[in-house]
Every structure is written in C-alpha cells, then in structure tokens.
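Undergrad: Before we start, here is the structure in question, set down as structure tokens.
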Amino acid sequence: MSDASALYDARIAAGLLRPDPAQAGVMSHFDRITQALAQPVKRGLFRRAPDPIAGLYLWGGVGRGKSMLMDLFVEALGDTPVRRVHFHAFMQEIHAGMHKARAAGAQDALAPVAAEVAKDLRVLAFDEMQITDITDAMIVGRLFEALFAAGVVVVTTSNRIPDDLYKDGLNRQLFLPFIELIKERMEVIELTSPTDYRQDRLTGAQVYFTPITPDTRATMQAIFDDLAGGQAEPLDIPVKGRTVTLPAFRNGVARATFYDLCGQPLGPPDFLAIAETVKVLVLEDIPTLGRNNFNQAKRFVTLIDALYEAKVRLIASAADRPEMLYLEGAGSFEFERTASRLREMQDADWGI
C-alpha cells in the first residue's frame with residue numbers, strides 16, 4: 001500500500017498528467033484513508049474496537065478528474081480488499097440480489113445482499129453517485145448503514161453536493177436521513193478545478209466522421225479508449241422498471257451503435273436516462289434514414305434531442321453528412337432541426 005498522492009506526483013513527473021492545484025489539494029484526503037487502513041488492528045480480549053474510518057465523498061463538475069483520482073486511490077491500496085464500480089451498475093446488482101433473496105423467501109431482502117457485499121471487503125469505491133430512481137432512493141440509505149456497520153470504508157465521486165442528491169424527487173423527505181448519514185460518516189470534499197479535461201481533449205478535435213470505413217471504426221475505437229481511460233463494461237440503467245443497456249461504459253463515457261439505441265423499442269424516458277447518465281456518447285454506424293427505417297429515424301431524433309438538452313458530448317460516425325442523412329420520406333422536413341443540432345454539437349465550444 002502506498003499514498004495516492006505519491007502515485008499522482010509520479011504521473012506528473014512522467015508527463016502522464018499535468019499539474020492541477022485543485023487535484024493536488026484533494027490527494028491528502030485519499031491519503032488519510034490509505035494511512036488509516038495501513039494501521040495494524042490491535043486485537044485482544046479487552047481492547048477497544050478501532051474507530052471507524054471516515055469515507056470520502058468527492059464532488060465537482062464534469063471532467064475535473066474525479067474518476068481518475070479514484071483510480072489512483074484504488075491502485076494505491078495494493079492488496080487491500082477493494083472494489084471499484086460505477087454506481088448505476090452497483091445498484092443494478094443490488095436489485096438483482098434482492099429479487100433472488102425474495103424468491104428464496106427472505107423477509108428482509110436487502111439484509112443478505114448487503115452482508116454479501118460487505119463480506120471480505122474493506123473499501124467500496126463508487127463512481128458517479130446519482131440518485132434518480134425512487135426505488136434506489138429507498139434502498140441506498142439502509143445499504144450504506146449496513147456497509148458502515150460492517151466496517152467497509154466507502155469512497156464515492158459525484159457531480160452533485162450531497163444536499164442536491166435526488167433533488168425534487170418523489171417523497172424526497174424520506175431520503176434526507178441518508179444525506180445526513182453521508183455528512184456524518186464521510187468527509188465531503190469539493191474538487192474545484194476550473195479545467196474540464198474531458199472537454200479539453202475534445203475542443204477543436206473532429207467529432208463527426210463520415211463515411212463509415214475500417215479507418216473510421218479504428219479512429220472511433222481509439223477515441224473511446226482515450227476518453228474512457230480503462231477497461232469498459234456494459235452498463236444497465238434502470239428506467240421505470242425496465243433496463244436500458246449501454247454496451248460499453250467507463251468514467252462517464254459510453255459507446256454504442258445506432259442499432260443498439262435506435263434499433264430497439266426505446267422511448268423518451270430511456271433516452272433521457274441515458275443523457276442523465278453519460279457525459280460523452282460515442283455513437284457509431286448511423287445509416288442513411290428514410291421510409292425504410294422510419295421508426296429508427298424517429299428514435300434517433302429523440303435521442304439527439306435528449307443529448308442536446310443535457311449538453312452531452314456526441315462523437316459520431318455516420319453514412320453521410322448531417323444534412324444528407326434524411327433526404328426523403330415522412331419526417332425528412334422535421335429532420336432539418338436534428339441536422340442543425342448535429343452540426344452545432346460539432347462546434348469546438350459546444351457544451352462548455
């Protein structure tokens with residue numbers, strides 16, 4: 001085990017990161033946890049149980065490096081039993097585990113699931129905590145209480161300050177004790193860097209590629225690998241009792257094909273959930289549109305509207321330029337607005 005700040009400094013010295021005073025300023029909070037975990041646990045009949053280690057809730061704007069800093073923290077833990085997981089993916093596992101527990105006759109479906117999560121685990125590192133679903137809001141408080149009681153140290157990143165979690169949500173007053181629990185058991189720190197590194201990587205870069213060729217696909221792969229910064233995994237997003245799957249996701253960056261999203265029976269709530277979850281969408285293989293794929297074209301229009309309103313960065317590969325994608329058939333006139341938005345979303349300063 002080492003300090004996360006040492007790894008951060010080493011990355012800067014190697015030229016892999018550029019100095020950022022705001023990032024450097026929060027490293028001591030990660031170090032506090034690694035140093036506390038490194039202390040030997042005193043055992044004995046009359047020894048007092050060690051004080052629980054306060055977790056960390058790191059929040060701040062999009063693209064400030066929160067996920068990258070968490071990766072350094074996890075790396076610094078060495079052999080300490082740790083799990084790093086995206087919050088949406090984790091909650092999907094919790095729901096699946098509770099369903100299995102209910103089927104087995106458990107009266108309290110969450111208790112065995114929480115116990116299984118905490119088993120042999122010392123640190124749980126959540127990325128991008130956000131509560132948008134009423135079911136998650138009702139579960140997460142009890143889940144965290146169980147983790148804390150088991151001695152698990154929770155570290156999480158979020159784009160929102162705790163007081164804004166599940167803001168304006170249904171029955172939010174029932175969620176407020178969880179916010180107080182976060183403040184009580186976790187150190188709440190803001191990452192105030194003025195630099196959006198993800199935006200910087202895309203500013204001035206080409207984000208719309210046509211036509212679709214092997215070279216285009218290789219370029220899209222390289223862009224996704226660079227932005228995601230590690231091994232991506234599928235992400236299931238719960239939407240009103242259903243699940244929308246993004247084939248590849250990491251650090252707020254998702255990758256999917258046109259057919260993955262627009263070839264499926266998805267609607268506005270699904271696309272809004274995607275837009276709330278991702279910060280960058282790499283969307284591949286947009287075909288020409290018309291009467292032969294009218295329903296897919298309608299879904300594509302809805303998807304672009306959702307991404308546009310949420311200021312999600314779009315990187316796309318398509319069969320033709322935006323103005324040439326939909327030339328004839330019902331809906332071609334209305335598509336002019338979508339083409340205009342696709343053009344606007346290519347601007348260097350769009351979304352800033």
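Naming works like this for the structure tokens: A, B, ... for the chains as they're shown, residue 1 at the start of each chain, ligands 1 onward in shown order.
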Skipping near chain neighbours, those fewer than 3 positions away, what residues fall within 12 Å of Thr135 of chain A using only C-alpha atoms, listed as a PyMOL selection string?

TA: chain A and resi 91-92+94-95+98+131-132+138-141+166+169-172+174-175+238-241

Undergrad: Need to verify the contact set: Arg341 of chain A, 8 Å, only C-alpha atoms, exclusion of same-chain residues closer than 4 positions in sequence. Can you return it as a ChimeraX atom specification?

TA: /A:304,308,337,345

Undergrad: Pull C-alpha atoms from the residues just selected and write them as a PDB file, in the first residue's frame.

TA:
```
ATOM      1  CA  ILE A 304     -30.319  13.684 -30.278  1.00  0.00           C
ATOM      2  CA  TYR A 308     -28.582  18.173 -26.905  1.00  0.00           C
ATOM      3  CA  ARG A 337     -33.667  20.611 -36.915  1.00  0.00           C
ATOM      4  CA  MET A 345     -22.788  19.756 -31.418  1.00  0.00           C
TER       5      MET A 345
END
```

Undergrad: Can you list every residue in segment 216-334 of chain A that DSSP puts in strand (DSSP E or B), as an MDAnalysis selection string?

TA: chainID A and resid 233:239 242:250 253:257 280:286 289 313:318 326

Undergrad: Put those residues in a file: C-alpha atoms, as a CSV table (one decimal), in the first residue's frame.

TA:
```csv
chain,number,residue,atom,x,y,z
A,233,GLU,CA,-18.0,-2.7,-19.2
A,234,PRO,CA,-21.7,-2.8,-20.1
A,235,LEU,CA,-23.9,-0.6,-18.0
A,236,ASP,CA,-27.6,-1.3,-17.2
A,237,ILE,CA,-29.7,1.8,-16.5
A,238,PRO,CA,-33.0,1.2,-14.7
A,239,VAL,CA,-35.9,3.1,-16.3
A,242,ARG,CA,-37.1,-1.8,-17.2
A,243,THR,CA,-33.4,-1.8,-18.1
A,244,VAL,CA,-31.6,0.1,-20.9
A,245,THR,CA,-28.1,-1.3,-21.6
A,246,LEU,CA,-25.1,0.6,-22.9
A,247,PRO,CA,-22.7,-1.9,-24.4
A,248,ALA,CA,-19.6,-0.1,-23.1
A,249,PHE,CA,-19.2,2.4,-20.3
A,250,ARG,CA,-16.5,3.9,-18.1
A,253,VAL,CA,-18.1,7.8,-21.4
A,254,ALA,CA,-20.4,5.4,-23.3
A,255,ARG,CA,-20.1,3.6,-26.6
A,256,ALA,CA,-22.9,2.2,-28.6
A,257,THR,CA,-24.0,1.6,-32.2
A,280,VAL,CA,-19.8,11.6,-23.6
A,281,LEU,CA,-21.5,9.3,-26.1
A,282,VAL,CA,-19.5,7.6,-28.9
A,283,LEU,CA,-22.3,6.6,-31.3
A,284,GLU,CA,-21.3,4.5,-34.3
A,285,ASP,CA,-22.7,3.5,-37.7
A,286,ILE,CA,-25.5,6.0,-38.2
A,289,LEU,CA,-32.6,7.4,-42.9
A,313,ARG,CA,-20.8,15.5,-25.9
A,314,LEU,CA,-21.5,13.4,-29.0
A,315,ILE,CA,-18.8,11.7,-31.1
A,316,ALA,CA,-20.4,10.0,-34.1
A,317,SER,CA,-19.7,8.0,-37.3
A,318,ALA,CA,-22.3,8.2,-40.0
A,326,TYR,CA,-32.5,12.0,-44.3
```

Undergrad: Output as a PyMOL selection string all residues of segment 116-351 of chain A that backbone DSSP marks as helix (DSSP H, G or I).

TA: chain A and resi 116-118+134-149+162-164+172-174+176-185+197-202+214-228+258-262+268-277+291-309+322-324+335-344

Undergrad: Do you know which residues are at most 9 Å from segment 84-87 of chain A counting only C-alpha atoms, after dropping those on the same chain fewer than 4 positions away, and could you put them as a JSON list (two decimals) with C-alpha atoms, in the first residue's frame?

TA:
```json
[["chain", "number", "residue", "atom", "x", "y", "z"],
["A", 70, "MET", "CA", -10.30, 7.50, -7.56],
["A", 71, "ASP", "CA", -8.41, 5.11, -9.85],
["A", 74, "VAL", "CA", -7.66, 2.22, -5.67],
["A", 91, "MET", "CA", -27.39, -0.64, -7.84],
["A", 92, "GLN", "CA", -28.40, -2.96, -10.67],
["A", 123, "VAL", "CA", -13.17, -0.48, 0.70],
["A", 124, "LEU", "CA", -16.01, 0.17, -1.73],
["A", 125, "ALA", "CA", -15.25, 2.83, -4.34],
["A", 126, "PHE", "CA", -18.33, 4.17, -6.12],
["A", 127, "ASP", "CA", -18.01, 6.27, -9.24],
["A", 128, "GLU", "CA", -20.62, 8.87, -10.21],
["A", 129, "MET", "CA", -23.21, 8.55, -7.47],
["A", 130, "GLN", "CA", -26.52, 9.99, -8.56],
["A", 156, "THR", "CA", -17.56, 7.94, -3.90],
["A", 235, "LEU", "CA", -23.92, -0.58, -18.02],
["A", 250, "ARG", "CA", -16.46, 3.85, -18.10],
["A", 251, "ASN", "CA", -15.76, 7.19, -16.42]]
```

Undergrad: I want to know what sits within 12 Å of Ala109 of chain A, based on only C-alpha atoms, with residues of the same chain fewer than 6 positions away left out; could you give that as number ranges by chain?

TA: A: 94-103, 115-116, 139, 142-143

Undergrad: Could you please take those selected residues and save C-alpha atoms as a PDB file, in the first residue's frame?

TA:
```pdb
ATOM      1  CA  ILE A  94     -28.344  -4.869  -5.594  1.00  0.00           C
ATOM      2  CA  HIS A  95     -31.756  -5.062  -7.264  1.00  0.00           C
ATOM      3  CA  ALA A  96     -30.906  -8.429  -8.812  1.00  0.00           C
ATOM      4  CA  GLY A  97     -29.688  -9.745  -5.459  1.00  0.00           C
ATOM      5  CA  MET A  98     -32.829  -8.569  -3.686  1.00  0.00           C
ATOM      6  CA  HIS A  99     -35.004 -10.250  -6.306  1.00  0.00           C
ATOM      7  CA  LYS A 100     -33.130 -13.504  -5.711  1.00  0.00           C
ATOM      8  CA  ALA A 101     -33.458 -13.126  -1.914  1.00  0.00           C
ATOM      9  CA  ARG A 102     -37.218 -12.563  -2.173  1.00  0.00           C
ATOM     10  CA  ALA A 103     -37.535 -15.643  -4.360  1.00  0.00           C
ATOM     11  CA  ALA A 115     -23.983  -8.856   4.004  1.00  0.00           C
ATOM     12  CA  GLU A 116     -22.707 -10.473   0.820  1.00  0.00           C
ATOM     13  CA  ILE A 139     -32.655   1.300  -0.706  1.00  0.00           C
ATOM     14  CA  ARG A 142     -30.135   1.164   4.508  1.00  0.00           C
ATOM     15  CA  LEU A 143     -27.426  -0.260   2.287  1.00  0.00           C
TER      16      LEU A 143
END
```

Undergrad: So, with only C-alpha atoms as the atoms that count, which of A:Leu121, A:Ala222, A:Val113, A:Val188 lies closest to Pro81 of chain A?

TA: A:Leu121
